[in-house]
Amino acid sequence: MPGKKNPFLIIQLRPENETANSEFEAILQYGGLRENEVIRARVEHTGLPDINLDDYAAIIIGGSPLDVSTPEYQKSEIQKKIEADFMDLFESVVAADFPFLGACSGSGLLGRFCGANVSTKYAEPVGGADITLTAEGKEDPLLSGFPTTFRVLLGHKEACDELPPGAILLAWSEACPVQIFRVKNNIYATQFHPEGDREGFTVRINTYKHHGYFPPETAEQLIAVIKNEDTPVPKQILYRFANRYRN
């Protein structure tokens, strides 16, 4: 009789119910995950819970309106706690080479832990963008067989200025040189949103139009542009990650 499978831990950092629920549903849909396969942790108000890696198959982190590059004196106490909690979590994740996929803010948090500078230098506007696989990316199990260049959905005010020390660059773009990186064998970060789709980004544009990602008066124009974007490849990254680490 097969043993009980460990669940995936999905950590979310979005304070708004609509955006958090939309993101969670997209992760399930495009990861091919069922609700009984995951534990959902919304940590934006409390910080991370105690996490025993032995209890989980893998960790997936979604996006967040919080920026690690914000000056310390401007950060709220809960943001400082969340960032400190993640630094503690990454100590265990990296030591164990534990399966991890961090999107957007997850990339900034992991990149900073690994020693990269995170700043607004390579911010990108909300919308679609082309990214290109490196030679190492073409050989990676999550990315092999994909087109060398493919479309993603993104929008971020900060990013890693350079590849974190010890990491492997898997994809890049002219506008943002660190789009996907891997630490060791099982720890991944994407600057874009692999779960991103037209519906989810429409929700986010309406929610965050006053958060500095874009001029608020351009929200309807961005929504119209997003409706024409098709991004099947990044969704396959999420599906492959989930499928690979089901134990």
# chains A, B, ... in the order shown; residues from 1 in each chain; ligands from 1
call {"tool": "select_by_dssp", "arguments": {"residues": "range 60-237 of chain A", "states": "helix (DSSP H, G or I)", "output": "PyMOL selection string"}}
result
chain A and resi 72-74+77-96+105-114+135-139+198-207+216-226+232-237
call {"tool": "residues_around", "arguments": {"residues": "range 55-62 of chain A", "least_positions_apart": "4", "cutoff": "6 Å", "atoms": "only C-alpha atoms", "output": "short mmCIF file (atom, residue, chain, number, x, y, z; two decimals) with N, CA and C atoms, in the first residue's frame"}}
result
data_model
loop_
_atom_site.label_atom_id
_atom_site.label_comp_id
_atom_site.auth_asym_id
_atom_site.auth_seq_id
_atom_site.Cartn_x
_atom_site.Cartn_y
_atom_site.Cartn_z
N ASN A 6 3.10 13.75 0.86
CA ASN A 6 3.20 15.04 1.53
C ASN A 6 2.58 16.13 0.64
N PRO A 7 1.96 17.12 1.23
CA PRO A 7 1.36 18.20 0.44
C PRO A 7 2.39 19.23 0.00
N PHE A 8 2.01 20.02 -0.99
CA PHE A 8 2.76 21.21 -1.36
C PHE A 8 2.35 22.34 -0.42
N LEU A 9 3.32 23.13 0.03
CA LEU A 9 3.02 24.31 0.84
C LEU A 9 3.02 25.53 -0.08
N ILE A 10 1.87 26.18 -0.19
CA ILE A 10 1.73 27.39 -1.01
C ILE A 10 1.67 28.58 -0.06
N ILE A 11 2.71 29.42 -0.11
CA ILE A 11 2.81 30.58 0.76
C ILE A 11 2.41 31.82 -0.04
N GLN A 12 1.47 32.58 0.51
CA GLN A 12 1.00 33.78 -0.17
C GLN A 12 1.22 35.02 0.70
N PRO A 99 12.92 21.28 -2.61
CA PRO A 99 12.18 21.81 -3.76
C PRO A 99 11.43 23.08 -3.43
N PHE A 100 11.71 24.12 -4.20
CA PHE A 100 11.18 25.46 -3.93
C PHE A 100 11.01 26.18 -5.25
N LEU A 101 9.88 26.89 -5.40
CA LEU A 101 9.65 27.74 -6.56
C LEU A 101 9.10 29.06 -6.08
N GLY A 102 9.87 30.13 -6.26
CA GLY A 102 9.45 31.46 -5.85
C GLY A 102 9.25 32.35 -7.06
N ALA A 103 8.08 32.99 -7.15
CA ALA A 103 7.76 33.85 -8.28
C ALA A 103 7.79 35.31 -7.87
N GLY A 106 9.19 36.21 -4.57
CA GLY A 106 9.97 35.05 -4.14
C GLY A 106 11.38 35.08 -4.72
#
call {"tool": "residues_around", "arguments": {"residues": "Pro165 in chain A", "least_positions_apart": "4", "cutoff": "7 Å", "atoms": "only C-alpha atoms", "output": "list in words"}}
result
Cys114, Gly115 and Ala116 of chain A
call {"tool": "atom_distance", "arguments": {"atom1": "CA of Glu25 in chain A", "atom2": "CA of Lys5 in chain A"}}
result
20.9 Å
call {"tool": "closest_residue", "arguments": {"among": "A:Ile223, A:Leu33, A:Ala159, A:Leu154", "to": "Arg240 in chain A", "atoms": "only C-alpha atoms"}}
result
A:Leu33
call {"tool": "select_by_dssp", "arguments": {"residues": "range 50-100 of chain A", "states": "strand (DSSP E or B)", "output": "PyMOL selection string"}}
result
chain A and resi 58-61+100
call {"tool": "residues_around", "arguments": {"residues": "Leu109 in chain A", "least_positions_apart": "2", "cutoff": "9 Å", "atoms": "only C-alpha atoms", "output": "list in words"}}
result
Asp67, Val68, Glu83, Phe86, Met87, Gly102, Cys104, Ser105, Gly106, Ser107, Gly111, Arg112, Phe113, Cys114 and Val118 of chain A
call {"tool": "closest_residue", "arguments": {"among": "A:Lys138, A:Val203, A:Asp161, A:Asp97", "to": "Ala123 in chain A", "atoms": "only C-alpha atoms"}}
result
A:Asp161
call {"tool": "atom_distance", "arguments": {"atom1": "CA of Arg204 in chain A", "atom2": "CA of Phe90 in chain A"}}
result
27.3 Å
call {"tool": "residues_around", "arguments": {"residues": "Ile226 in chain A", "least_positions_apart": "4", "cutoff": "10 Å", "atoms": "only C-alpha atoms", "output": "list in words"}}
result
Val126, Gly127, Gly128, Leu153, Asp197, Arg198, Glu199, Phe201, Thr202, Ile205, Glu220, Gln221, Leu222 and Asp230 of chain A
call {"tool": "write_last_selection", "arguments": {"atoms": "N, CA and C atoms", "output": "CSV table (one decimal), in the first residue's frame"}}
result
chain,number,residue,atom,x,y,z
A,126,VAL,N,4.0,46.4,-16.1
A,126,VAL,CA,3.0,45.3,-16.2
A,126,VAL,C,2.7,44.9,-17.7
A,127,GLY,N,2.7,43.6,-18.0
A,127,GLY,CA,2.4,43.2,-19.3
A,127,GLY,C,3.2,42.0,-19.7
A,128,GLY,N,3.2,41.7,-21.0
A,128,GLY,CA,3.9,40.6,-21.6
A,128,GLY,C,5.4,40.9,-21.9
A,153,LEU,N,4.2,36.7,-18.5
A,153,LEU,CA,3.5,37.9,-17.9
A,153,LEU,C,4.2,38.3,-16.7
A,197,ASP,N,-2.2,34.7,-15.9
A,197,ASP,CA,-3.1,34.6,-17.0
A,197,ASP,C,-3.9,36.0,-17.2
A,198,ARG,N,-4.7,36.1,-18.2
A,198,ARG,CA,-5.4,37.3,-18.5
A,198,ARG,C,-6.3,37.7,-17.3
A,199,GLU,N,-7.0,36.7,-16.8
A,199,GLU,CA,-8.0,37.0,-15.8
A,199,GLU,C,-7.3,37.4,-14.5
A,201,PHE,N,-4.3,38.7,-14.1
A,201,PHE,CA,-3.6,40.0,-14.2
A,201,PHE,C,-4.6,41.1,-14.3
A,202,THR,N,-5.8,40.9,-14.8
A,202,THR,CA,-6.8,41.9,-14.8
A,202,THR,C,-7.2,42.3,-13.3
A,205,ILE,N,-4.2,44.3,-11.9
A,205,ILE,CA,-4.1,45.6,-12.4
A,205,ILE,C,-5.1,46.5,-11.6
A,220,GLU,N,-6.9,50.7,-17.7
A,220,GLU,CA,-7.8,50.1,-18.7
A,220,GLU,C,-7.0,49.8,-19.9
A,221,GLN,N,-6.1,50.6,-20.3
A,221,GLN,CA,-5.2,50.3,-21.5
A,221,GLN,C,-4.4,49.0,-21.2
A,222,LEU,N,-3.9,48.9,-20.1
A,222,LEU,CA,-3.1,47.7,-19.7
A,222,LEU,C,-4.0,46.4,-19.8
A,230,ASP,N,-0.8,35.7,-24.8
A,230,ASP,CA,-1.0,34.2,-24.6
A,230,ASP,C,0.4,33.7,-24.1
